[in-house]
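J.: Sharing a structure, written as C-alpha cells. Questions coming.
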Amino acid sequence: MTQHAKGLLLTFSGVVLMSIESPLIKFSNLQAQTIGFYFGICLFISANLMLLSKGSTYFIKNYTTNFKGIFLSGLFMGISNFCFVMAVYYAGIAKAVLILASSPIISALIAYIFLKQHTPKRIFLATFIVFIGLYIILADDLGTSSLIGNLYAFGCVLSFSTLFCVLSFHKDASRLGYISFGGVFLTLFSLINVNLHVEFSSLLPIIFLGLIITPLSRLFIGLGTRYLIPAEVGLLVIGESILAPIWGWWWLDEVISTSVFIGGSIILLALIINSLASLQKA
C-alpha cells in the first residue's frame, strides 16, 4: 500500500467513525445536558489515558508546553461540542451536520479578519453560496421552536471555526491536551441542567462515543494528514455531512425535509468545488 493510499484509508475511516457521533447522541434518548456532561467526562478520561500511556514525563510536557494555547483551544472545543450536542438534540442530525459543514469556509473568513491570513477569492464566493444554503435551511424555522437548535448549530460553527484558527496560531499546543480540556469545559457547561440519575444502559452509547468513537476518529484523521495535503483531507471530511443524515434516516427514521435537502446540497456543492479548486492548486 502506498503512503497516499494509507492516508486515504486512515482519513476515510476517521470520517466514517465521526459520522456515527450524531446518531449515537440521538440514540441515547437522554437530555442534552446529561449527554454533554458524560460525553465530556469520557473525552477527558480517554485523552488522559492516551497521554499517560506514553509516560509521566510526556504527560507533564503536554500540559506545560503552551498552556495558553491548550486552554483556549480546549475552551472553544468545549463550546463547540456543547453546541453540537444541543443542536443535534433540538434540530436533528441532518440540520446540525449540514450547518456544521460550513465550518471550513467560516474558519477561512475568521483567519482573514483576525489573523490577517491570505484568503483566495474563491473563499468569498464559496461563503456567499454557503450562506444561501444556510438561509434555505433556516428560513422555515424562523419563529418556531426548532430555531433554538439552529442557533446552537450556528454557535457550533462559530466556535469550531475559531478552534481551527486557535490551533493554527498555537501550532505547538498539545492536541491531546486540548481534547482533555475540551472535555472538562463540556462537562462544566452541561452542569446547569444535568440529570445524574440515569440508567447505565442509556449511558452506553455516550460512553462508547466519548471513550472510543470520537478519540479514534480524530486520531485516524490526524494520522491521515501526515500523508495527504489539506485540500484532500477537507474533501474527505465533507463525507461526514453526507453519511450522518443517512445513518439518521436508516437507523432512527429521521426524515430530511425538502428545505434541508436543498440547502444542504448547496452547501456541500460549494465545499466540494472549493476543495477541488484547492486540490488543483496544490
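We label chains A, B, ... in the order they appear in the C-alpha cells, count residues from 1 in each chain, and number ligands from 1 in the order shown.
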Please identify every residue of stretch 223-271 of chain A that has at least one atom no farther than 8 Å from an atom of stretch 11-28 of chain A, counting only C-alpha atoms, and for each give the shortest atom pair and the distance in Å to one decimal, arranged by chain then increasing number, as a Markdown table.

T.:
| residue | atom | partner | partner_atom | distance |
| --- | --- | --- | --- | --- |
| A:Leu223 | CA | A:Thr11 | CA | 7.5 |
| A:Gly224 | CA | A:Thr11 | CA | 4.9 |
| A:Thr225 | CA | A:Thr11 | CA | 7.5 |
| A:Val233 | CA | A:Thr11 | CA | 7.0 |
| A:Leu236 | CA | A:Phe12 | CA | 6.4 |
| A:Val237 | CA | A:Val15 | CA | 5.8 |
| A:Gly239 | CA | A:Val15 | CA | 6.7 |
| A:Glu240 | CA | A:Ser19 | CA | 4.8 |
| A:Ser241 | CA | A:Ser19 | CA | 7.2 |
| A:Leu243 | CA | A:Ser19 | CA | 5.9 |
| A:Ala244 | CA | A:Ser19 | CA | 4.6 |
| A:Trp247 | CA | A:Pro23 | CA | 6.7 |
| A:Gly248 | CA | A:Pro23 | CA | 5.6 |
| A:Trp251 | CA | A:Pro23 | CA | 7.9 |
| A:Leu252 | CA | A:Phe27 | CA | 7.5 |

J.: So that I have them on file, write out the residues from the current selection with N, CA and C atoms, as a compact mmCIF listing (two decimals), in the first residue's frame.

T.:
# COMPACT_ATOMS: atom_id res chain seq x y z
N LEU A 223 -3.74 11.16 11.78
CA LEU A 223 -2.69 10.35 11.14
C LEU A 223 -2.76 10.49 9.62
N GLY A 224 -3.98 10.58 9.10
CA GLY A 224 -4.14 10.71 7.65
C GLY A 224 -3.54 11.99 7.10
N THR A 225 -3.54 13.06 7.92
CA THR A 225 -2.98 14.34 7.46
C THR A 225 -1.48 14.27 7.24
N VAL A 233 -7.80 16.22 2.60
CA VAL A 233 -8.44 15.94 3.89
C VAL A 233 -9.78 16.66 3.97
N LEU A 236 -12.43 14.89 1.95
CA LEU A 236 -12.89 13.65 2.56
C LEU A 236 -13.79 13.92 3.76
N VAL A 237 -13.45 14.94 4.56
CA VAL A 237 -14.22 15.25 5.77
C VAL A 237 -15.65 15.66 5.42
N GLY A 239 -17.53 14.16 3.67
CA GLY A 239 -18.31 12.91 3.69
C GLY A 239 -19.09 12.72 4.97
N GLU A 240 -18.61 13.28 6.08
CA GLU A 240 -19.32 13.16 7.36
C GLU A 240 -20.70 13.79 7.29
N SER A 241 -20.80 14.92 6.57
CA SER A 241 -22.07 15.62 6.45
C SER A 241 -23.05 14.90 5.53
N LEU A 243 -22.85 11.26 5.25
CA LEU A 243 -23.12 9.98 5.89
C LEU A 243 -24.02 10.09 7.12
N ALA A 244 -23.80 11.11 7.96
CA ALA A 244 -24.56 11.23 9.21
C ALA A 244 -26.08 11.29 8.98
N TRP A 247 -27.29 7.78 8.15
CA TRP A 247 -27.42 6.92 9.34
C TRP A 247 -28.67 7.31 10.14
N GLY A 248 -28.91 8.63 10.25
CA GLY A 248 -30.09 9.09 11.00
C GLY A 248 -31.39 8.61 10.37
N TRP A 251 -31.19 4.39 10.66
CA TRP A 251 -31.27 3.80 11.99
C TRP A 251 -32.39 4.40 12.85
N LEU A 252 -32.68 5.68 12.67
CA LEU A 252 -33.60 6.37 13.58
C LEU A 252 -34.85 6.91 12.87

J.: Skipping near chain neighbours, those fewer than 4 positions away, what residues fall within 12 Å of A:Leu147 using only C-alpha atoms, listed as a ChimeraX atom specification?

T.: /A:86-87,90-92,95-96,137-143,151-154

J.: Write to file, as a compact mmCIF listing (two decimals), in the first residue's frame, the residues of the selection just made, with N, CA and C atoms.

T.:
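File produced: again26.txt:
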# COMPACT_ATOMS: atom_id res chain seq x y z
N MET A 86 -26.41 20.06 21.74
CA MET A 86 -27.69 20.77 21.84
C MET A 86 -28.36 20.87 20.47
N ALA A 87 -27.55 21.10 19.42
CA ALA A 87 -28.10 21.23 18.06
C ALA A 87 -28.70 19.92 17.58
N TYR A 90 -32.01 19.30 19.55
CA TYR A 90 -33.16 20.16 19.25
C TYR A 90 -33.48 20.26 17.76
N ALA A 91 -32.46 20.21 16.89
CA ALA A 91 -32.70 20.42 15.45
C ALA A 91 -32.64 19.14 14.64
N GLY A 92 -32.07 18.08 15.19
CA GLY A 92 -31.95 16.84 14.45
C GLY A 92 -30.58 16.69 13.81
N LYS A 95 -29.84 18.67 10.00
CA LYS A 95 -29.62 20.12 10.09
C LYS A 95 -28.31 20.43 10.78
N ALA A 96 -28.04 19.74 11.89
CA ALA A 96 -26.84 20.03 12.67
C ALA A 96 -25.57 19.81 11.86
N ILE A 137 -31.97 26.47 4.66
CA ILE A 137 -32.15 25.53 5.77
C ILE A 137 -32.89 26.18 6.93
N LEU A 138 -32.53 27.43 7.24
CA LEU A 138 -33.05 28.09 8.44
C LEU A 138 -34.37 28.81 8.22
N ALA A 139 -34.69 29.19 6.99
CA ALA A 139 -35.85 30.06 6.73
C ALA A 139 -37.16 29.49 7.26
N ASP A 140 -37.37 28.19 7.09
CA ASP A 140 -38.63 27.58 7.50
C ASP A 140 -38.80 27.54 9.02
N ASP A 141 -37.70 27.68 9.76
CA ASP A 141 -37.77 27.55 11.21
C ASP A 141 -37.82 28.88 11.95
N LEU A 142 -37.78 29.99 11.21
CA LEU A 142 -37.84 31.29 11.86
C LEU A 142 -39.16 31.43 12.60
N GLY A 143 -39.07 31.74 13.89
CA GLY A 143 -40.27 31.90 14.70
C GLY A 143 -40.85 30.61 15.23
N LEU A 151 -29.82 27.78 16.13
CA LEU A 151 -28.91 28.76 16.74
C LEU A 151 -27.73 28.05 17.41
N TYR A 152 -28.00 26.93 18.07
CA TYR A 152 -26.91 26.15 18.66
C TYR A 152 -25.98 25.61 17.57
N ALA A 153 -26.55 25.20 16.44
CA ALA A 153 -25.74 24.70 15.32
C ALA A 153 -24.83 25.79 14.79
N PHE A 154 -25.38 26.99 14.67
CA PHE A 154 -24.56 28.11 14.17
C PHE A 154 -23.51 28.50 15.21

J.: Can you tell me how far atom CA of A:Met77 sits from atom CA of A:Ser201, in Å to one decimal?

T.: 27.0 Å

J.: Assign secondary structure with DSSP using the backbone only, and return the residues of stretch 35-164 of chain A in helix (DSSP H, G or I) as number ranges by chain.

T.: A: 35-52, 56-64, 67-91, 93-100, 103-114, 121-139, 147-164

J.: Can you list every residue of stretch 87-172 of chain A that has an atom at most 8 Å from stretch 270-282 of chain A, with its nearest atom pair and the distance in Å to one decimal, using only C-alpha atoms, ordered by chain then number, as a Markdown table?

T.:
| residue | atom | partner | partner_atom | distance |
| --- | --- | --- | --- | --- |
| A:Ser102 | CA | A:Leu271 | CA | 7.7 |
| A:Ile105 | CA | A:Leu271 | CA | 7.8 |
| A:Arg122 | CA | A:Asn274 | CA | 6.9 |
| A:Ile123 | CA | A:Asn274 | CA | 7.2 |
| A:Ala126 | CA | A:Ala270 | CA | 5.5 |
| A:Ile129 | CA | A:Ala270 | CA | 6.4 |
| A:Val130 | CA | A:Ala270 | CA | 6.5 |

J.: Per residue of stretch 63-102 of chain A within 12 Å of stretch 183-186 of chain A, note the shortest atom pair and the distance in Å to one decimal, counting only C-alpha atoms, and order the rows by chain and increasing residue number, as a Markdown table.

T.:
| residue | atom | partner | partner_atom | distance |
| --- | --- | --- | --- | --- |
| A:Phe71 | CA | A:Phe185 | CA | 9.8 |
| A:Leu72 | CA | A:Phe185 | CA | 10.7 |
| A:Ser73 | CA | A:Phe185 | CA | 10.7 |
| A:Gly74 | CA | A:Phe185 | CA | 7.2 |
| A:Leu75 | CA | A:Phe185 | CA | 6.1 |
| A:Phe76 | CA | A:Phe185 | CA | 8.7 |
| A:Met77 | CA | A:Leu186 | CA | 8.0 |
| A:Gly78 | CA | A:Leu186 | CA | 4.4 |
| A:Ile79 | CA | A:Leu186 | CA | 6.6 |
| A:Ser80 | CA | A:Leu186 | CA | 8.6 |
| A:Asn81 | CA | A:Leu186 | CA | 6.7 |
| A:Phe82 | CA | A:Leu186 | CA | 5.7 |
| A:Cys83 | CA | A:Leu186 | CA | 9.4 |
| A:Phe84 | CA | A:Leu186 | CA | 10.6 |
| A:Val85 | CA | A:Leu186 | CA | 9.9 |
| A:Met86 | CA | A:Leu186 | CA | 11.4 |

J.: What are the closest atom pairs, with distances in Å to one decimal, for each residue of stretch 69-181 of chain A lying within 9 Å of stretch 41-48 of chain A, using only C-alpha atoms, rows by chain and rising residue number, as JSON lines?

T.:
{"residue": "A:Leu176", "atom": "CA", "partner": "A:Ala47", "partner_atom": "CA", "distance": 5.6}
{"residue": "A:Gly177", "atom": "CA", "partner": "A:Ala47", "partner_atom": "CA", "distance": 7.2}
{"residue": "A:Tyr178", "atom": "CA", "partner": "A:Ala47", "partner_atom": "CA", "distance": 8.8}
{"residue": "A:Ile179", "atom": "CA", "partner": "A:Ala47", "partner_atom": "CA", "distance": 6.4}
{"residue": "A:Ser180", "atom": "CA", "partner": "A:Phe44", "partner_atom": "CA", "distance": 4.4}
{"residue": "A:Phe181", "atom": "CA", "partner": "A:Phe44", "partner_atom": "CA", "distance": 7.0}

J.: Restricting the calculation to only C-alpha atoms, which member of A:Ala101, A:Val255, A:Ala5, A:Ile213 is positioned closest to A:Phe39?

T.: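 For A:Phe39, the nearest of the candidates is A:Ile213.
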
J.: Using only C-alpha atoms, which residues sit within 12 Å of stretch 106-113 of chain A once same-chain residues fewer than 2 positions away are excluded, as a VMD selection string?

T.: chain A and resid 99 to 104 115 to 128 130 to 131 154 to 169 271 274

J.: Next, the residues of the selection above should be written as a PDB file, in the first residue's frame with C-alpha atoms.

T.:
ATOM      1  CA  ILE A  99     -24.881  23.628   9.098  1.00  0.00           C
ATOM      2  CA  LEU A 100     -21.626  22.471  10.715  1.00  0.00           C
ATOM      3  CA  ALA A 101     -20.293  21.578   7.248  1.00  0.00           C
ATOM      4  CA  SER A 102     -19.810  25.303   6.602  1.00  0.00           C
ATOM      5  CA  SER A 103     -17.049  25.433   9.270  1.00  0.00           C
ATOM      6  CA  PRO A 104     -14.069  25.346   6.848  1.00  0.00           C
ATOM      7  CA  LEU A 115      -5.201  36.653  11.781  1.00  0.00           C
ATOM      8  CA  LYS A 116      -4.760  38.646   8.532  1.00  0.00           C
ATOM      9  CA  GLN A 117      -4.109  35.418   6.642  1.00  0.00           C
ATOM     10  CA  HIS A 118      -4.202  35.447   2.844  1.00  0.00           C
ATOM     11  CA  THR A 119      -7.592  34.250   1.644  1.00  0.00           C
ATOM     12  CA  PRO A 120      -8.180  33.236  -2.016  1.00  0.00           C
ATOM     13  CA  LYS A 121     -11.073  34.964  -3.798  1.00  0.00           C
ATOM     14  CA  ARG A 122     -12.819  31.612  -4.257  1.00  0.00           C
ATOM     15  CA  ILE A 123     -13.373  31.502  -0.466  1.00  0.00           C
ATOM     16  CA  PHE A 124     -15.520  34.640  -0.621  1.00  0.00           C
ATOM     17  CA  LEU A 125     -17.559  33.183  -3.488  1.00  0.00           C
ATOM     18  CA  ALA A 126     -17.953  29.896  -1.612  1.00  0.00           C
ATOM     19  CA  THR A 127     -19.003  31.853   1.503  1.00  0.00           C
ATOM     20  CA  PHE A 128     -21.755  33.611  -0.440  1.00  0.00           C
ATOM     21  CA  VAL A 130     -22.832  28.660   1.683  1.00  0.00           C
ATOM     22  CA  PHE A 131     -24.909  31.443   3.238  1.00  0.00           C
ATOM     23  CA  PHE A 154     -24.564  28.109  14.174  1.00  0.00           C
ATOM     24  CA  GLY A 155     -22.872  28.634  17.567  1.00  0.00           C
ATOM     25  CA  CYS A 156     -21.105  25.327  16.977  1.00  0.00           C
ATOM     26  CA  VAL A 157     -19.931  26.554  13.567  1.00  0.00           C
ATOM     27  CA  LEU A 158     -18.501  29.783  15.010  1.00  0.00           C
ATOM     28  CA  SER A 159     -16.760  28.110  17.956  1.00  0.00           C
ATOM     29  CA  PHE A 160     -15.473  25.183  15.853  1.00  0.00           C
ATOM     30  CA  SER A 161     -14.146  27.593  13.226  1.00  0.00           C
ATOM     31  CA  THR A 162     -12.456  29.669  15.932  1.00  0.00           C
ATOM     32  CA  LEU A 163     -10.920  26.450  17.287  1.00  0.00           C
ATOM     33  CA  PHE A 164      -9.286  25.822  13.886  1.00  0.00           C
ATOM     34  CA  CYS A 165      -7.807  29.323  13.946  1.00  0.00           C
ATOM     35  CA  VAL A 166      -6.529  28.981  17.537  1.00  0.00           C
ATOM     36  CA  LEU A 167      -4.853  25.668  16.682  1.00  0.00           C
ATOM     37  CA  SER A 168      -3.357  27.228  13.567  1.00  0.00           C
ATOM     38  CA  PHE A 169      -1.912  30.064  15.667  1.00  0.00           C
ATOM     39  CA  LEU A 271     -17.463  22.990  -0.302  1.00  0.00           C
ATOM     40  CA  ASN A 274     -13.756  24.866  -3.276  1.00  0.00           C
TER      41      ASN A 274
END

J.: Quick one: residues within 6 Å of stretch 263-266 of chain A, only C-alpha atoms counted, chain neighbours fewer than 5 positions away excluded, as a ChimeraX atom specification?

T.: /A:98,133,136-137
